[in-house]
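Read the structure below first, then the notes.
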Amino acid sequence: MKAMKKILMVGASLALACGIGVAAVGCGAADTINVYNRDSASGTRAAFIELLGIDETELYSNGADQNSTGAVLTTVAGDEKGIGYISLGSLDDTVKAVSIDGVEPTVQNIVDEKYTVWRPFELMYQEEKIAESDLATDFLKFLGSAQAQEVIEDYGYVSTVTDAPTYTAPAAEFTDKTIDVGGSTSVQPLIGTDDDGAVCLITKYKELLGDKANGIQINVSGNGSGQGITNAGNGTWEIGLASKEVDASKDFTEPTGTMVVQQLCADGIAVIVNTANTVTNLTTEMLKDIYTGAVKNWSEVPGWVAPDAEE
Amino acid sequence: MQNQAEVAAVAEAESVAKIHVGAAVKEIGMKIVFAIAAVVFVAAVLVICIYLFVRAVPAIGQVGVFEFLFGDTWLLGSGYYGIGNLIVGTCISTVGALIVGVPIGLLTAVFMAFYCPKWLYKFLKPLTNILAGIPSIVYGYFGMQVIVPAIRGMVGGGGFNIITTSLVLGIMILPTIISITENSLRAVPKSYYEGALALGATKERAIFRTIFPAAVSGVMTAIVLGIGRAIGETAAVSLVCGNVPQIPTDLSMPFMTLASAIASGMGYSSSGFPLEVLISCAAVLFVFILIITILIMLLKRKSR
């Protein structure tokens with residue numbers, strides 16, 4: 001009898017727990033949109049919500065806030081109901097980019113000013129600190145040169161420097177052998193790291209330097225545009241990277257020198273969904289509704305067809 | 001002859017005296033060493049405590065106590081410093097961790113203390129220690145790669161939510177709860193158990209009605225240490241909670257805890273006023289732990 005009672009008790013509490021669980025979760029609607037954002041340090045996020053006209057306090061997130069472009073890519077690639085936004089230059093074929101208002105996110109469409117969701121990549125530095133470092137001054141010169149623009153376009157970003165001068169390596173050896181660069185995770189793959197296999201800007205720079213490149217170390221780190229701004233402002237890094245517009249007079253809190261903001265290039269923001277998702281186009285209105293939580297289900301999005309497995 | 005004996009006696013007395021003096025000096029010396037160690041320990045705790053509060057209090061004053069503690073918008077970069085949602089998130093994740101960890105932990109401890117065959121015990125005990133030693137970031141990564149997609153499939157949403165966090169945190173506090181509870185169960189005199197059996201109780205009844213009540217203070221300690229670990233856990237929680245500073249309206253929504261807010265905030269706001277606000281968050285966490293520790297001290301005293 002006592003055993004029976006116990007079994008009944010356990011069974012009843014299990015059933016209750018399941019019931020509460022299901023009720024709390026709302027029967028897991030099969031087509032909920034999993035909205036992924038970047039975290040609040042992200043320049044991509046700041047640029048995205050500004051371009052769409054969403055206020056930061058009404059931004060909706062029921063997926064998770066990821067801390068890098070790479071993390072958003074991985075998450076959306078693994079979630080059939082996910083949607084996210086990333087730097088266009090980082091787009092690869094593990095995910096699918098949707099058109100916005102009928103315009104595909106391509107570099108040509110940005111240049112033709114048809115695709116309007118883009119933002120500048122900025123280089124931020126202190127005038128005094130750069131003047132002290134010949135390596136940093138030279139690197140900045142290279143970044144504005146014709147060879148750098150070539151790399152930028154090869155990589156899928158939009159070159160914004162017109163009539164770029166050709167860069168030639170300096171005659172003398174560098175006295176400063178190490179500089180620190182960092183900030184936006186969207187700009188990071190373009191600037192590159194020392195041992196990258198792909199031809200990124202640092203690789204090209206070292207190629208042009210020839211044997212002057214021996215012993216040179218350019219350290220690149222990525223924790224978000226916010227950190228790029230902070231550390232450029234307080235002089236921890238020689239050059240900070242940001243993936244949104246930065247105002248030299250307003251955006252630096254207590255900078256320890258005169259701040260200069262130089263545009264490296266421009267980059268589109270691509271809205272990505274899973275490759276299994278049938279949606280190919282979103283209007284700006286719909287995108288805004290998704291990201292403020294007004295539209296919560298894929299069934300309300302035109303062009304969406306439920307995958308067979310879930311029916 | 002007598003002189004020789006006298007000299008020998010004096011010499012012996014001298015050496016005995018030297019031994020006594022030597023011993024006394026060593027005694028005092030060691031006392032000083034232990035006292036210094038204790039002072040260093042207390043000083044370390046005090047320094048952290050004072051530093052936290054000296055920097056936190058002005059910052060909280062500037063934001064406003066009610067606005068800080070009960071405000072519901074947390075956006076460091078834009079000047080919103082309300083940690084109300086974060087406090088709720090911390091509490092939910094801790095409660096979730098307890099719901100997962102305490103039943104499993106207690107029952108496992110009972111199993112290991114009373115039902116476990118010796119050969120299995122030799123295997124289980126080191127396993128508990130290994131589980132305790134796994135770095136928390138590994139738990140977080142495991143949670144992110146294995147548990148998140150599984151929960152996403154079962155429950156919907158992104159998979160970064162209370163359920164995932166409770167599972168991960170619950171597993172993390174298991175070793176603490178198991179080993180302390182098991183020790184306190186074993187510390188109860190066997191006579192209680194044998195007496196109950198002799199009076200005709202079944203084994204399970206004897207355990208739950210006589211030994212458990214006797215071991216209650218140990219069990220409470222285990223639970224408190226578990227709570228302490230769960231409240232402050234940063235690395236694992238940052239990877240699976242979703243880091244969205246909101247109060248989740250259902251179990252599939254992401255949220256944020258105080259610890260993960262500090263971790264992600266430090267990444268981009270490590271100077272100026274936002275840093276002071278982050279230190280205030282740390283101070284609030286500290287106060288939580290203090291409250292819990294005091295509560296348990298009171299409970300222990302009451303149960304005596």
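Labels used: A, B, ... for chains in the order of the structure tokens, numbers from 1 for residues in each chain, and numbers from 1 for ligands as shown.
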Contacts of Ala148 (chain A) within 9 Å, only C-alpha atoms, excl. fewer than 6 positions in-chain, as a PyMOL selection string = chain A and resi 142+164+167+201+204-205
Selection from above, C-alpha atoms, as an mmCIF file, in the first residue's frame, can you write it?
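Just written: part27.cif:
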data_model
loop_
_atom_site.group_PDB
_atom_site.id
_atom_site.type_symbol
_atom_site.label_atom_id
_atom_site.label_comp_id
_atom_site.auth_asym_id
_atom_site.auth_seq_id
_atom_site.Cartn_x
_atom_site.Cartn_y
_atom_site.Cartn_z
ATOM 1 C CA PHE A 142 49.044 51.751 -46.367
ATOM 2 C CA ALA A 164 43.958 56.181 -53.640
ATOM 3 C CA TYR A 167 51.877 52.696 -51.469
ATOM 4 C CA LEU A 201 45.282 43.645 -45.151
ATOM 5 C CA LYS A 204 49.365 42.365 -48.038
ATOM 6 C CA TYR A 205 51.130 45.004 -45.980
#
Do you have, as CSV, the list of residues of chain A lying at most 9 Å from chain B, each with its nearest atom pair and that distance in Å to one decimal, counting only C-alpha atoms and ordered by chain then number?
residue,atom,partner,partner_atom,distance
A:Gly21,CA,B:Leu251,CA,7.8
A:Val22,CA,B:Val155,CA,8.4
A:Ala23,CA,B:Asp250,CA,8.8
A:Ala24,CA,B:Asp250,CA,5.3
A:Val25,CA,B:Leu251,CA,5.3
A:Gly26,CA,B:Asp250,CA,7.6
A:Cys27,CA,B:Val155,CA,7.8
A:Gly28,CA,B:Gly156,CA,5.1
A:Ala29,CA,B:Gly156,CA,7.2
A:Ala30,CA,B:Gly156,CA,7.3
A:Asp31,CA,B:Gly156,CA,8.7
A:Thr32,CA,B:Gly157,CA,6.8
A:Ile33,CA,B:Gly157,CA,7.5
A:Asn34,CA,B:Gly158,CA,5.5
A:Val35,CA,B:Gly158,CA,7.8
A:Tyr36,CA,B:Gly158,CA,8.1
A:Asp39,CA,B:Asn243,CA,7.6
A:Ser40,CA,B:Gly77,CA,7.0
A:Ala41,CA,B:Tyr268,CA,6.0
A:Glu56,CA,B:Leu75,CA,8.5
A:Thr57,CA,B:Thr73,CA,7.5
A:Ser61,CA,B:Val244,CA,6.9
A:Asn62,CA,B:Met253,CA,5.3
A:Gly63,CA,B:Gly158,CA,4.2
A:Ala64,CA,B:Gly242,CA,3.9
A:Asp65,CA,B:Asn243,CA,5.5
A:Gln66,CA,B:Gly242,CA,7.6
A:Asn67,CA,B:Ser264,CA,8.6
A:Thr75,CA,B:Gly158,CA,8.9
A:Gly78,CA,B:Pro149,CA,8.1
A:Asp79,CA,B:Gly158,CA,7.6
A:Lys81,CA,B:Gly158,CA,8.5
A:Gly82,CA,B:Gly158,CA,7.6
A:Asn223,CA,B:Gly267,CA,6.7
A:Gly224,CA,B:Tyr268,CA,7.2
A:Ser225,CA,B:Tyr268,CA,8.1
A:Gly226,CA,B:Tyr268,CA,5.1
A:Gln227,CA,B:Tyr268,CA,4.2
A:Gly228,CA,B:Tyr268,CA,8.0
A:Ile229,CA,B:Tyr268,CA,8.5
A:Thr230,CA,B:Tyr268,CA,7.0
A:Asn231,CA,B:Tyr268,CA,8.8
A:Asn234,CA,B:Ser271,CA,8.8
A:Thr253,CA,B:Gly272,CA,7.5
A:Glu254,CA,B:Gly272,CA,8.0
DSSP on the backbone: what in region 34-103 of chain B comes out helix (DSSP H, G or I), as JSON, numbers by chain?
-> {"B": [34, 35, 36, 37, 38, 39, 40, 41, 42, 43, 44, 45, 46, 47, 48, 49, 50, 51, 52, 53, 54, 55, 56, 57, 58, 59, 60, 61, 62, 63, 65, 66, 67, 68, 69, 70, 76, 77, 78, 84, 85, 86, 87, 88, 89, 90, 91, 92, 93, 94, 95, 96, 97, 98, 99, 100, 101, 102, 103]}
List every residue of region 146-226 of chain A that DSSP, applied to the backbone, labels as strand (DSSP E), and write the result as a PyMOL selection string.
-> chain A and resi 178-183+217-222
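Residues lying within 12 Å of Thr293 (chain B), counting only C-alpha atoms and ignoring same-chain neighbours fewer than 3 positions away, are Met220, Thr221, Ala222, Ile223, Val224, Leu225, Gly226, Ile227, Gly228, Phe286, Val287, Phe288, Ile289, Leu290, Ile296, Met297, Leu298, Leu299 and Lys300 of chain B.
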For Ala306 (chain A), work out the shell of residues within 10 Å, counting only C-alpha atoms and skipping chain neighbours fewer than 6 positions away, then give it as a PyMOL selection string.
-> chain A and resi 30-31+276-278+298-299
Looking at only C-alpha atoms, which of A:Lys6, A:Arg38, A:Arg45, A:Lys129 is the one that sits closest to Thr258 (chain A)?
-> A:Lys129
Write out as a PyMOL selection string each polymer residue whose atoms come within 12 Å of region 205-212 of chain B, counting only C-alpha atoms; drop sequence neighbours fewer than 2 positions from it.
-> (chain A and resi 2) or (chain B and resi 106-107+109-111+113-115+181-203+214-220)
Please produce a file of the residues just selected, as an mmCIF file, in the first residue's frame, where the atoms kept are N, CA and C atoms.
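part-v8.cif written:
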data_model
loop_
_atom_site.group_PDB
_atom_site.id
_atom_site.type_symbol
_atom_site.label_atom_id
_atom_site.label_comp_id
_atom_site.auth_asym_id
_atom_site.auth_seq_id
_atom_site.Cartn_x
_atom_site.Cartn_y
_atom_site.Cartn_z
ATOM 1 N N LYS A 2 1.879 1.213 0.887
ATOM 2 C CA LYS A 2 2.714 2.413 0.973
ATOM 3 C C LYS A 2 3.473 2.623 -0.322
ATOM 4 N N LEU B 106 21.267 15.090 -3.146
ATOM 5 C CA LEU B 106 20.961 14.444 -1.872
ATOM 6 C C LEU B 106 20.747 12.946 -2.047
ATOM 7 N N LEU B 107 19.947 12.594 -3.066
ATOM 8 C CA LEU B 107 19.673 11.169 -3.246
ATOM 9 C C LEU B 107 20.941 10.408 -3.631
ATOM 10 N N ALA B 109 23.923 11.199 -2.653
ATOM 11 C CA ALA B 109 24.719 11.080 -1.436
ATOM 12 C C ALA B 109 24.209 9.934 -0.575
ATOM 13 N N VAL B 110 22.871 9.819 -0.481
ATOM 14 C CA VAL B 110 22.305 8.708 0.295
ATOM 15 C C VAL B 110 22.710 7.378 -0.334
ATOM 16 N N PHE B 111 22.634 7.325 -1.649
ATOM 17 C CA PHE B 111 23.038 6.101 -2.338
ATOM 18 C C PHE B 111 24.480 5.759 -2.008
ATOM 19 N N ALA B 113 26.307 6.672 0.465
ATOM 20 C CA ALA B 113 26.622 6.380 1.861
ATOM 21 C C ALA B 113 26.034 5.058 2.326
ATOM 22 N N PHE B 114 24.888 4.639 1.759
ATOM 23 C CA PHE B 114 24.206 3.482 2.348
ATOM 24 C C PHE B 114 23.925 2.345 1.400
ATOM 25 N N TYR B 115 23.802 2.606 0.134
ATOM 26 C CA TYR B 115 23.366 1.532 -0.745
ATOM 27 C C TYR B 115 24.427 1.064 -1.710
ATOM 28 N N THR B 181 27.183 16.404 1.707
ATOM 29 C CA THR B 181 26.078 15.659 2.299
ATOM 30 C C THR B 181 26.528 14.258 2.690
ATOM 31 N N GLU B 182 27.304 13.642 1.820
ATOM 32 C CA GLU B 182 27.748 12.283 2.136
ATOM 33 C C GLU B 182 28.595 12.266 3.391
ATOM 34 N N ASN B 183 29.505 13.231 3.503
ATOM 35 C CA ASN B 183 30.321 13.292 4.717
ATOM 36 C C ASN B 183 29.471 13.452 5.960
ATOM 37 N N SER B 184 28.463 14.336 5.893
ATOM 38 C CA SER B 184 27.680 14.554 7.104
ATOM 39 C C SER B 184 26.786 13.363 7.395
ATOM 40 N N LEU B 185 26.348 12.622 6.359
ATOM 41 C CA LEU B 185 25.561 11.423 6.609
ATOM 42 C C LEU B 185 26.415 10.374 7.303
ATOM 43 N N ARG B 186 27.657 10.249 6.810
ATOM 44 C CA ARG B 186 28.531 9.252 7.419
ATOM 45 C C ARG B 186 28.925 9.626 8.837
ATOM 46 N N ALA B 187 28.873 10.935 9.144
ATOM 47 C CA ALA B 187 29.307 11.370 10.477
ATOM 48 C C ALA B 187 28.274 11.085 11.544
ATOM 49 N N VAL B 188 27.051 10.776 11.119
ATOM 50 C CA VAL B 188 26.020 10.474 12.123
ATOM 51 C C VAL B 188 26.338 9.113 12.753
ATOM 52 N N PRO B 189 26.239 8.992 14.089
ATOM 53 C CA PRO B 189 26.581 7.724 14.752
ATOM 54 C C PRO B 189 25.727 6.589 14.219
ATOM 55 N N LYS B 190 26.401 5.469 13.944
ATOM 56 C CA LYS B 190 25.708 4.305 13.401
ATOM 57 C C LYS B 190 24.586 3.833 14.310
ATOM 58 N N SER B 191 24.706 4.163 15.605
ATOM 59 C CA SER B 191 23.735 3.648 16.561
ATOM 60 C C SER B 191 22.313 4.121 16.242
ATOM 61 N N TYR B 192 22.192 5.336 15.669
ATOM 62 C CA TYR B 192 20.855 5.819 15.299
ATOM 63 C C TYR B 192 20.237 4.833 14.308
ATOM 64 N N TYR B 193 21.023 4.551 13.280
ATOM 65 C CA TYR B 193 20.556 3.696 12.186
ATOM 66 C C TYR B 193 20.231 2.299 12.692
ATOM 67 N N GLU B 194 21.178 1.761 13.472
ATOM 68 C CA GLU B 194 20.974 0.405 13.959
ATOM 69 C C GLU B 194 19.789 0.335 14.893
ATOM 70 N N GLY B 195 19.648 1.397 15.710
ATOM 71 C CA GLY B 195 18.513 1.424 16.616
ATOM 72 C C GLY B 195 17.198 1.404 15.852
ATOM 73 N N ALA B 196 17.109 2.206 14.798
ATOM 74 C CA ALA B 196 15.873 2.254 14.013
ATOM 75 C C ALA B 196 15.590 0.902 13.386
ATOM 76 N N LEU B 197 16.642 0.272 12.846
ATOM 77 C CA LEU B 197 16.457 -1.043 12.232
ATOM 78 C C LEU B 197 15.974 -2.044 13.270
ATOM 79 N N ALA B 198 16.584 -1.941 14.459
ATOM 80 C CA ALA B 198 16.220 -2.888 15.508
ATOM 81 C C ALA B 198 14.758 -2.719 15.883
ATOM 82 N N LEU B 199 14.245 -1.493 15.787
ATOM 83 C CA LEU B 199 12.848 -1.279 16.143
ATOM 84 C C LEU B 199 11.894 -1.681 15.036
ATOM 85 N N GLY B 200 12.452 -2.168 13.903
ATOM 86 C CA GLY B 200 11.598 -2.704 12.859
ATOM 87 C C GLY B 200 11.408 -1.802 11.645
ATOM 88 N N ALA B 201 12.123 -0.677 11.604
ATOM 89 C CA ALA B 201 11.962 0.206 10.440
ATOM 90 C C ALA B 201 12.653 -0.397 9.227
ATOM 91 N N THR B 202 12.131 -0.062 8.019
ATOM 92 C CA THR B 202 12.835 -0.504 6.814
ATOM 93 C C THR B 202 14.080 0.361 6.678
ATOM 94 N N LYS B 203 15.006 -0.092 5.814
ATOM 95 C CA LYS B 203 16.271 0.635 5.663
ATOM 96 C C LYS B 203 16.013 2.084 5.236
ATOM 97 N N ALA B 214 19.378 14.090 11.632
ATOM 98 C CA ALA B 214 20.581 14.346 12.418
ATOM 99 C C ALA B 214 21.628 15.058 11.578
ATOM 100 N N ALA B 215 21.593 14.816 10.264
ATOM 101 C CA ALA B 215 22.618 15.407 9.407
ATOM 102 C C ALA B 215 22.172 16.715 8.800
ATOM 103 N N VAL B 216 21.055 17.248 9.264
ATOM 104 C CA VAL B 216 20.463 18.427 8.616
ATOM 105 C C VAL B 216 21.416 19.594 8.489
ATOM 106 N N SER B 217 22.245 19.851 9.521
ATOM 107 C CA SER B 217 23.095 21.039 9.406
ATOM 108 C C SER B 217 24.113 20.853 8.295
ATOM 109 N N GLY B 218 24.590 19.598 8.126
ATOM 110 C CA GLY B 218 25.518 19.345 7.024
ATOM 111 C C GLY B 218 24.847 19.542 5.681
ATOM 112 N N VAL B 219 23.587 19.072 5.607
ATOM 113 C CA VAL B 219 22.851 19.218 4.353
ATOM 114 C C VAL B 219 22.630 20.696 4.032
ATOM 115 N N MET B 220 22.279 21.478 5.081
ATOM 116 C CA MET B 220 22.078 22.921 4.851
ATOM 117 C C MET B 220 23.375 23.553 4.362
#
Find the residues around Val103 (chain A) up to 12 Å (only C-alpha atoms counted), leave out those fewer than 6 positions away in its own chain, and share them as a PyMOL selection string.
-> chain A and resi 97+109-110+112-117+270-271+280-284
Writing out the chosen residues with N, CA, C and O atoms as a short mmCIF file (atom, residue, chain, number, x, y, z; two decimals), in the first residue's frame:
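result32.cif was written with the following content:
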data_model
loop_
_atom_site.label_atom_id
_atom_site.label_comp_id
_atom_site.auth_asym_id
_atom_site.auth_seq_id
_atom_site.Cartn_x
_atom_site.Cartn_y
_atom_site.Cartn_z
N ALA A 97 21.48 34.85 -47.13
CA ALA A 97 21.17 36.27 -46.91
C ALA A 97 19.87 36.61 -47.62
O ALA A 97 19.66 36.20 -48.76
N ASN A 109 25.33 46.58 -55.31
CA ASN A 109 24.10 47.28 -54.95
C ASN A 109 24.34 48.38 -53.93
O ASN A 109 23.61 49.36 -53.87
N ILE A 110 25.39 48.20 -53.11
CA ILE A 110 25.70 49.27 -52.17
C ILE A 110 26.32 50.44 -52.91
O ILE A 110 26.00 51.61 -52.68
N ASP A 112 25.88 51.21 -55.98
CA ASP A 112 24.84 51.87 -56.77
C ASP A 112 23.81 52.54 -55.89
O ASP A 112 22.80 53.04 -56.40
N GLU A 113 24.02 52.46 -54.57
CA GLU A 113 23.12 53.08 -53.60
C GLU A 113 21.71 52.52 -53.64
O GLU A 113 20.75 53.22 -53.31
N LYS A 114 21.58 51.23 -54.05
CA LYS A 114 20.25 50.61 -54.02
C LYS A 114 20.01 49.91 -52.69
O LYS A 114 18.90 49.87 -52.17
N TYR A 115 21.08 49.30 -52.15
CA TYR A 115 20.97 48.60 -50.88
C TYR A 115 21.46 49.56 -49.80
O TYR A 115 22.63 49.96 -49.79
N THR A 116 20.54 49.95 -48.91
CA THR A 116 20.90 51.05 -48.03
C THR A 116 21.37 50.62 -46.64
O THR A 116 21.70 51.45 -45.81
N VAL A 117 21.38 49.32 -46.38
CA VAL A 117 21.76 48.90 -45.03
C VAL A 117 23.27 48.66 -44.99
O VAL A 117 23.75 47.55 -45.20
N ALA A 270 24.17 42.28 -43.69
CA ALA A 270 23.30 41.29 -44.33
C ALA A 270 22.42 40.67 -43.26
O ALA A 270 22.88 40.33 -42.17
N VAL A 271 21.12 40.51 -43.60
CA VAL A 271 20.22 39.80 -42.68
C VAL A 271 20.23 38.34 -43.11
O VAL A 271 20.00 38.02 -44.27
N THR A 280 12.95 34.59 -48.94
CA THR A 280 14.06 35.19 -49.68
C THR A 280 14.05 36.70 -49.63
O THR A 280 15.01 37.34 -50.01
N ASN A 281 12.93 37.29 -49.19
CA ASN A 281 12.87 38.74 -49.21
C ASN A 281 12.09 39.24 -48.00
O ASN A 281 11.11 38.63 -47.57
N LEU A 282 12.55 40.34 -47.42
CA LEU A 282 11.82 40.95 -46.32
C LEU A 282 11.69 42.44 -46.60
O LEU A 282 12.63 43.06 -47.08
N THR A 283 10.53 43.01 -46.31
CA THR A 283 10.44 44.46 -46.41
C THR A 283 11.04 45.07 -45.16
O THR A 283 11.15 44.42 -44.12
N THR A 284 11.42 46.34 -45.24
CA THR A 284 11.99 47.02 -44.08
C THR A 284 10.99 47.00 -42.93
O THR A 284 11.35 46.80 -41.77
#
